[in-house]
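Structure file my_file.txt (compact mmCIF, C-alpha atoms) is printed below.
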```txt
# COMPACT_ATOMS: atom_id res chain seq x y z
CA MET A 796 -20.64 0.84 -19.26
CA LEU A 797 -23.08 -0.05 -21.98
CA LEU A 798 -22.83 -3.49 -23.45
CA SER A 799 -23.49 -3.60 -27.16
CA GLY A 800 -27.03 -4.75 -27.88
CA GLN A 801 -28.32 -3.66 -24.49
CA ARG A 802 -30.09 -0.75 -26.07
CA HIS A 803 -32.15 -3.10 -28.25
CA ARG A 804 -33.46 -5.13 -25.37
CA PHE A 805 -34.88 -2.18 -23.57
CA GLY A 806 -35.70 -0.05 -26.54
CA SER A 807 -33.89 3.18 -27.03
CA SER A 808 -35.85 5.42 -24.71
CA PRO A 809 -33.81 8.49 -23.85
CA VAL A 810 -34.47 8.06 -20.11
CA ARG A 811 -33.04 4.56 -20.10
CA ALA A 812 -29.97 5.60 -22.05
CA SER A 813 -29.32 8.54 -19.79
CA LEU A 814 -29.72 6.29 -16.71
CA ASP A 815 -27.05 3.94 -18.04
CA ASN A 816 -24.69 6.81 -18.62
CA LEU A 817 -25.71 8.51 -15.42
CA PHE A 818 -22.26 8.69 -13.88
CA GLY A 819 -20.34 8.93 -17.13
CA ILE A 820 -16.68 8.22 -16.91
CA HIS A 821 -16.57 8.49 -13.13
CA GLU A 822 -17.79 4.95 -12.59
CA GLN A 823 -14.66 3.54 -14.24
CA ALA A 824 -12.48 6.29 -12.89
CA LEU A 825 -13.38 5.28 -9.30
CA LEU A 826 -12.42 1.65 -9.90
CA LEU A 827 -9.11 2.63 -11.41
CA ARG A 828 -8.44 5.13 -8.65
CA GLU A 829 -9.02 2.34 -6.12
CA ARG A 830 -6.58 0.08 -7.90
CA ARG A 831 -4.01 2.85 -8.14
CA ALA A 832 -4.41 3.66 -4.43
CA GLU A 833 -3.73 0.00 -3.69
CA LEU A 834 -0.55 -0.01 -5.77
CA LEU A 835 0.69 3.19 -4.14
CA ALA A 836 -0.07 1.80 -0.68
CA GLU A 837 1.93 -1.29 -1.58
CA ASN A 838 4.83 0.89 -2.64
CA LEU A 839 4.66 2.78 0.64
CA ALA A 840 4.43 -0.40 2.71
CA ASN A 841 7.49 -1.74 0.89
CA ALA A 842 9.48 1.49 1.17
CA ASP A 843 12.22 -0.37 3.09
CA THR A 844 12.08 -3.76 1.39
CA PRO A 845 15.29 -4.71 -0.43
CA GLU A 846 14.89 -5.43 -4.15
CA TYR A 847 11.29 -4.12 -4.22
CA LYS A 848 10.47 -2.17 -7.38
CA ALA A 849 7.86 0.60 -7.18
CA ARG A 850 4.83 0.05 -9.41
CA ASP A 851 2.15 2.31 -10.79
CA VAL A 852 -0.42 2.52 -13.57
CA ASP A 853 -0.56 5.10 -16.32
CA PHE A 854 -4.03 6.32 -15.49
CA ARG A 855 -4.80 8.07 -18.75
CA SER A 856 -3.96 5.13 -21.01
CA VAL A 857 -5.73 2.57 -18.80
CA LEU A 858 -8.90 4.64 -18.60
CA ALA A 859 -8.81 5.14 -22.37
CA ALA A 860 -8.46 1.37 -22.82
CA THR A 861 -11.32 0.71 -20.37
CA GLU A 862 -13.84 2.70 -22.34
CA GLY A 863 -16.01 0.69 -24.68
CA THR A 864 -14.49 -2.69 -23.86
CA THR A 865 -15.99 -5.67 -22.08
CA PRO A 866 -13.67 -7.63 -19.82
CA GLY A 867 -13.77 -11.40 -19.69
CA LYS A 868 -14.99 -11.65 -16.12
CA ALA A 869 -18.44 -10.18 -16.79
CA PRO A 870 -21.40 -12.39 -15.75
CA ARG A 871 -22.43 -14.74 -18.54
CA VAL A 872 -25.51 -14.02 -20.59
CA ASN A 873 -26.71 -17.37 -21.90
CA HIS A 874 -30.46 -16.94 -21.89
CA PRO A 875 -32.56 -14.51 -23.88
CA ARG A 876 -34.18 -13.24 -20.67
CA HIS A 877 -30.87 -12.57 -18.93
CA ILE A 878 -30.07 -8.95 -18.42
CA PRO A 879 -26.46 -8.14 -19.23
CA VAL A 880 -24.75 -6.45 -16.34
CA ALA A 881 -22.48 -3.50 -16.87
CA TRP A 882 -19.13 -4.65 -15.62
CA GLY A 883 -16.17 -2.41 -15.03
CA GLY A 884 -14.22 -4.36 -12.40
CA GLY A 885 -11.03 -6.20 -13.24
CA GLU A 886 -10.14 -3.78 -15.97
CA GLY A 887 -6.74 -2.41 -16.64
CA PHE A 888 -4.94 -4.60 -14.13
CA ASP A 889 -2.50 -5.78 -16.78
CA GLU A 890 -1.29 -2.26 -17.31
CA VAL A 891 0.82 -2.13 -14.15
CA GLN A 892 4.25 -0.76 -14.87
CA PHE A 893 7.42 -0.27 -12.88
CA ARG A 894 8.24 3.28 -11.99
CA VAL A 895 11.40 4.78 -13.47
CA PRO A 896 13.53 5.28 -10.37
CA THR A 897 14.83 8.74 -9.59
CA GLN A 898 17.09 7.74 -6.72
CA PRO A 899 17.39 3.95 -6.50
CA ALA A 900 18.67 2.73 -3.14
CA ILE A 901 21.78 0.63 -2.79
CA ASP A 902 19.68 -2.40 -1.74
CA GLY A 903 17.80 -2.43 -5.06
CA ASN A 904 14.68 -0.68 -3.74
CA THR A 905 13.23 1.91 -6.11
CA VAL A 906 10.51 3.38 -3.84
CA ASP A 907 10.83 7.12 -3.31
CA PRO A 908 8.49 7.70 -0.34
CA ASP A 909 7.99 11.37 -1.15
CA THR A 910 6.95 10.69 -4.73
CA GLU A 911 4.63 7.93 -3.57
CA ARG A 912 3.05 10.05 -0.85
CA GLY A 913 2.45 12.83 -3.35
CA ALA A 914 0.93 10.42 -5.84
CA PHE A 915 -1.23 8.83 -3.13
CA LEU A 916 -2.55 12.21 -2.01
CA ASP A 917 -3.21 13.27 -5.60
CA ASN A 918 -4.96 9.98 -6.28
CA SER A 919 -7.21 10.20 -3.24
CA LEU A 920 -8.17 13.79 -4.04
CA ARG A 921 -9.13 12.78 -7.55
CA TYR A 922 -11.07 9.83 -6.14
CA GLN A 923 -13.00 12.28 -3.98
CA ALA A 924 -13.57 14.51 -6.99
CA SER A 925 -15.13 11.60 -8.87
CA LEU A 926 -17.23 10.78 -5.80
CA GLN A 927 -18.41 14.35 -5.68
CA PHE A 928 -19.44 14.29 -9.33
CA ILE A 929 -21.43 11.10 -8.73
CA GLU A 930 -23.01 12.52 -5.60
CA ARG A 931 -24.09 15.71 -7.37
CA ARG A 932 -25.51 13.62 -10.19
CA ILE A 933 -27.57 11.56 -7.72
CA ARG A 934 -28.79 14.72 -6.03
CA SER A 935 -29.83 16.39 -9.25
CA LEU A 936 -31.60 13.22 -10.36
CA LEU A 937 -33.40 12.95 -7.02
CA SER A 938 -34.57 16.52 -7.19
CA ALA A 939 -35.79 15.93 -10.73
CA LEU A 940 -37.71 12.84 -9.56
CA ARG A 941 -39.27 14.60 -6.61
CA GLY A 942 -40.28 17.52 -8.76
CA GLU A 943 -40.13 19.93 -5.88
CA MET B 824 -14.09 -2.99 -3.14
CA SER B 825 -10.39 -2.89 -3.48
CA LEU B 826 -10.13 -0.02 -1.04
CA PHE B 827 -10.47 -2.62 1.71
CA LYS B 828 -7.27 -4.21 0.42
CA LEU B 829 -5.47 -1.02 1.29
CA PHE B 830 -6.03 -1.78 4.96
CA ASP B 831 -4.41 -5.19 4.59
CA VAL B 832 -1.41 -3.81 2.75
CA ALA B 833 -0.93 -0.89 5.10
CA SER B 834 -1.30 -3.10 8.17
CA THR B 835 1.47 -5.41 6.94
CA GLY B 836 3.59 -2.27 6.65
CA LEU B 837 2.61 -1.20 10.18
CA ALA B 838 3.45 -4.64 11.57
CA ALA B 839 6.82 -4.78 9.83
CA GLN B 840 7.81 -1.30 10.91
CA SER B 841 6.77 -1.99 14.49
CA VAL B 842 8.99 -5.09 14.53
CA ARG B 843 11.81 -2.86 13.31
CA LEU B 844 11.08 -0.27 16.01
CA ASN B 845 11.00 -3.01 18.63
CA LEU B 846 14.39 -4.29 17.54
CA VAL B 847 15.84 -0.77 17.51
CA SER B 848 14.60 -0.20 21.04
CA SER B 849 16.05 -3.48 22.27
CA ASN B 850 19.35 -2.63 20.56
CA LEU B 851 19.43 0.77 22.22
CA ALA B 852 18.43 -0.63 25.58
CA ASN B 853 21.24 -3.16 25.40
CA ALA B 854 23.88 -0.76 24.12
CA ASP B 855 25.73 -1.08 27.43
CA SER B 856 24.92 -4.68 28.35
CA ILE B 857 28.28 -6.01 29.39
CA SER B 858 28.97 -9.71 29.66
CA SER B 859 31.85 -11.98 30.54
CA SER B 860 31.95 -14.16 27.45
CA VAL B 861 31.81 -13.59 23.71
CA ASN B 862 28.85 -15.91 23.20
CA GLU B 863 26.64 -14.35 25.86
CA THR B 864 27.09 -10.78 24.70
CA TYR B 865 24.13 -9.07 23.08
CA ARG B 866 24.51 -8.43 19.35
CA ALA B 867 22.63 -5.79 17.37
CA ARG B 868 19.55 -7.27 15.72
CA HIS B 869 17.97 -6.09 12.50
CA PRO B 870 14.90 -7.28 10.61
CA VAL B 871 14.98 -8.44 6.99
CA PHE B 872 11.98 -7.24 5.00
CA ALA B 873 10.55 -9.02 1.98
CA ALA B 874 7.54 -8.32 -0.20
CA ILE B 875 4.75 -10.91 0.02
CA PHE B 876 2.62 -11.28 -3.08
CA ASP B 877 -0.90 -12.68 -2.70
CA GLY B 878 -0.58 -14.40 -6.08
CA GLU B 879 2.07 -15.17 -8.65
CA ARG B 880 5.01 -12.80 -8.49
CA ASP B 881 4.74 -12.02 -12.20
CA ASP B 882 1.01 -11.38 -12.00
CA PRO B 883 0.61 -7.61 -12.18
CA ALA B 884 -2.72 -7.82 -10.35
CA ALA B 885 -1.18 -9.48 -7.29
CA SER B 886 -1.04 -7.12 -4.35
CA ALA B 887 2.13 -6.94 -2.35
CA GLY B 888 2.36 -6.45 1.37
CA VAL B 889 5.55 -6.56 3.37
CA SER B 890 6.65 -9.22 5.83
CA VAL B 891 9.54 -9.71 8.18
CA LEU B 892 11.49 -12.61 6.71
CA GLY B 893 13.64 -12.96 9.78
CA VAL B 894 15.92 -11.21 12.21
CA VAL B 895 19.67 -11.19 11.68
CA GLU B 896 22.25 -10.58 14.37
CA SER B 897 25.06 -8.25 13.53
CA ALA B 898 28.40 -9.95 12.81
CA THR B 899 30.44 -6.93 13.84
CA PRO B 900 33.23 -8.01 16.20
CA LEU B 901 32.61 -7.24 19.87
CA ARG B 902 34.69 -4.82 21.86
CA ALA B 903 36.77 -6.48 24.56
CA ASP B 904 37.93 -4.19 27.37
CA TYR B 905 40.59 -5.10 29.92
CA ARG B 906 38.86 -4.35 33.24
CA PRO B 907 40.17 -6.88 35.81
CA GLU B 908 38.38 -5.09 38.67
CA HIS B 909 34.96 -5.46 37.03
CA PRO B 910 32.75 -8.10 38.72
CA LEU B 911 31.82 -9.57 35.31
CA ALA B 912 35.40 -9.85 34.05
CA ASP B 913 36.46 -13.28 32.82
CA GLU B 914 39.52 -15.12 34.13
CA ARG B 915 41.80 -13.12 31.84
CA GLY B 916 40.29 -9.84 33.11
CA TYR B 917 38.25 -8.92 30.02
CA ILE B 918 34.65 -7.76 29.73
CA TYR B 919 32.80 -7.74 26.42
CA ARG B 920 30.66 -4.84 25.18
CA PRO B 921 28.12 -5.18 22.40
CA SER B 922 29.19 -3.44 19.19
CA ILE B 923 26.00 -1.39 18.86
CA ASN B 924 26.29 1.80 16.88
CA VAL B 925 23.89 4.14 18.70
CA VAL B 926 23.90 6.75 15.92
CA GLU B 927 23.04 4.11 13.34
CA GLU B 928 20.23 2.81 15.55
CA LEU B 929 18.80 6.30 16.03
CA ALA B 930 18.82 6.92 12.28
CA ASN B 931 17.15 3.56 11.84
CA MET B 932 14.51 4.53 14.43
CA ILE B 933 13.69 7.78 12.64
CA SER B 934 13.39 5.98 9.32
CA ALA B 935 11.16 3.32 10.87
CA SER B 936 8.87 5.82 12.55
CA ARG B 937 8.55 7.85 9.33
CA SER B 938 7.56 4.70 7.46
CA TYR B 939 5.11 3.81 10.22
CA GLU B 940 3.54 7.25 10.01
CA THR B 941 3.22 6.95 6.25
CA ASN B 942 1.32 3.69 6.63
CA VAL B 943 -0.96 5.24 9.26
CA GLU B 944 -1.63 8.05 6.79
CA VAL B 945 -2.58 5.52 4.15
CA VAL B 946 -5.01 3.84 6.56
CA ASN B 947 -6.57 7.17 7.53
CA THR B 948 -6.96 8.35 3.96
CA SER B 949 -8.52 5.10 2.80
CA LYS B 950 -10.87 5.17 5.78
CA GLN B 951 -12.06 8.61 4.75
CA LEU B 952 -12.48 7.56 1.14
CA LEU B 953 -14.43 4.45 2.13
CA LEU B 954 -16.71 6.39 4.46
CA ARG B 955 -17.42 8.94 1.75
CA THR B 956 -18.14 6.15 -0.72
CA LEU B 957 -20.46 4.43 1.74
CA ASN B 958 -22.36 7.66 2.29
CA LEU B 959 -22.81 8.20 -1.42
CA GLY B 960 -26.28 9.41 -2.33
CA GLN B 961 -27.44 10.05 1.21
```

Represent the structure of the file as structure tokens.
Amino acid sequence: MLLSGQRHRFGSSPVRASLDNLFGIHEQALLLRERRAELLAENLANADTPEYKARDVDFRSVLAATEGTTPGKAPRVNHPRHIPVAWGGGEGFDEVQFRVPTQPAIDGNTVDPDTERGAFLDNSLRYQASLQFIERRIRSLLSALRGE
Amino acid sequence: MSLFKLFDVASTGLAAQSVRLNLVSSNLANADSISSSVNETYRARHPVFAAIFDGERDDPAASAGVSVLGVVESATPLRADYRPEHPLADERGYIYRPSINVVEELANMISASRSYETNVEVVNTSKQLLLRTLNLGQ
């Protein structure tokens, strides 16, 4: 993620800008996918816990909110020679919502293991898709650098 | 990386489900344990699960594993049989059988092993994802 003003410090050379945006949206997508995998794993671990309510994130809205924002936890820049670090972690964690139960259990548990398994599988496939995009990007960049 | 947290969460699930499986197996093993007094008779035992949050409960970022809060003994009344010839019969000629519902325990066992499998799946999937992430760019 580009912090505002970063472009000025390094000049606006096209190479630099394209390096910052090298992985595009997939950098943030991976972090959110990790967080979502964690939530789904929690739901699955608590599939038999009384009164546990299944949780999930609305991926699309969180990713949209992540773009172009700077979270509070980013390393401080308090010296002109400090280099601002792109910081995507810790984003979107407030967006956790409870799942609307399809078949709530009599003990107050709203985890539907089949739904959660499906969502977990879907999430991990999409995580791998993002990984693949990043990997291809690295490869193409490497081959461009080598000039073979 | 928060993918490592998945291992913690899934392993709490594995531990809890294995406690449940253990209790089911001890219930099934003792389904015919006869005794000569009400107090000594085996009673069906079941775990009580509770979510453990690693932060404030209201904090949406807190991750939740599962823990076994405790084990409760079933309060179902025991079955007393009049068997005066039985070596364990009390002075009135009664033996006491545990009130274990074998069908219920078997259903419980299937549910527990399905949940266990699901958690193993989670561990395996996150292992694959982590390995792929670690090998990125190689």

Residue list for chain A near chain B as number ranges by chain, 6 Å, only C-alpha atoms
A: 829, 833, 837, 840-841, 844, 888-889, 891, 930, 933

At most 10 Å from (-22.8, 8.2, -14.5), file frame, only C-alpha atoms: which residues, as a list in words?
Met796, Ser813, Leu814, Asp815, Asn816, Leu817, Phe818, Gly819, Ile820, His821, Glu822, Gln823, Phe928, Ile929, Glu930, Arg932 and Ile933 of chain A

Hey, can you spit out that residue selection with C-alpha atoms as a compact mmCIF listing (two decimals), in the coordinates of the input?
```txt
# COMPACT_ATOMS: atom_id res chain seq x y z
CA MET A 796 -20.64 0.84 -19.26
CA SER A 813 -29.32 8.54 -19.79
CA LEU A 814 -29.72 6.29 -16.71
CA ASP A 815 -27.05 3.94 -18.04
CA ASN A 816 -24.69 6.81 -18.62
CA LEU A 817 -25.71 8.51 -15.42
CA PHE A 818 -22.26 8.69 -13.88
CA GLY A 819 -20.34 8.93 -17.13
CA ILE A 820 -16.68 8.22 -16.91
CA HIS A 821 -16.57 8.49 -13.13
CA GLU A 822 -17.79 4.95 -12.59
CA GLN A 823 -14.66 3.54 -14.24
CA PHE A 928 -19.44 14.29 -9.33
CA ILE A 929 -21.43 11.10 -8.73
CA GLU A 930 -23.01 12.52 -5.60
CA ARG A 932 -25.51 13.62 -10.19
CA ILE A 933 -27.57 11.56 -7.72
```

To one decimal place, how far is CA of Gly893 (chain B) from CA of Gly903 (chain A) in Å?
18.7 Å

Determine the nearest neighbour of Phe876 (chain B) from the options A:Arg931, A:Gly942, A:Ser925, A:Tyr847, counting all atoms listed in the file.
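Among A:Arg931, A:Gly942, A:Ser925, A:Tyr847, it is A:Tyr847 that comes nearest to Phe876 (chain B).
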
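The coordinates place CA of Leu834 (chain A) at 23.0 Å from CA of Val842 (chain B).
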
Fewer than 6 positions away in the same chain doesn't count, so skip those; otherwise give me all residues within 7 Å of region 918-920 of chain B, counting all atoms listed in the file, as number ranges by chain.
B: 855-861, 864, 901-906, 911-912

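Atom pair CA of Thr899 (chain B) / CA of Ala867 (chain B): separated by 8.6 Å.
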
Using only C-alpha atoms, the residue out of B:His909, B:Asp877, B:Gly916, B:Ser922 with shortest distance to Ser897 (chain B) is B:Ser922

Residues near Glu927 (chain B), anyone? I mean within 12 Å using only C-alpha atoms, not counting same-chain ones fewer than 5 positions away, as a list in words.
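Within the cut-off, the hits are Val847, Asn850, Leu851, Ala854, Ala867, His869, Ser922, Met932, Ile933 and Ser934 of chain B.
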
Between A:Pro845, A:Leu826, A:Val857, A:Ala832, which has the minimum distance to Asn918 (chain A) (counting all atoms listed in the file)?
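Checking each of A:Pro845, A:Leu826, A:Val857, A:Ala832 against Asn918 (chain A), counting all atoms listed in the file, the winner is A:Ala832.
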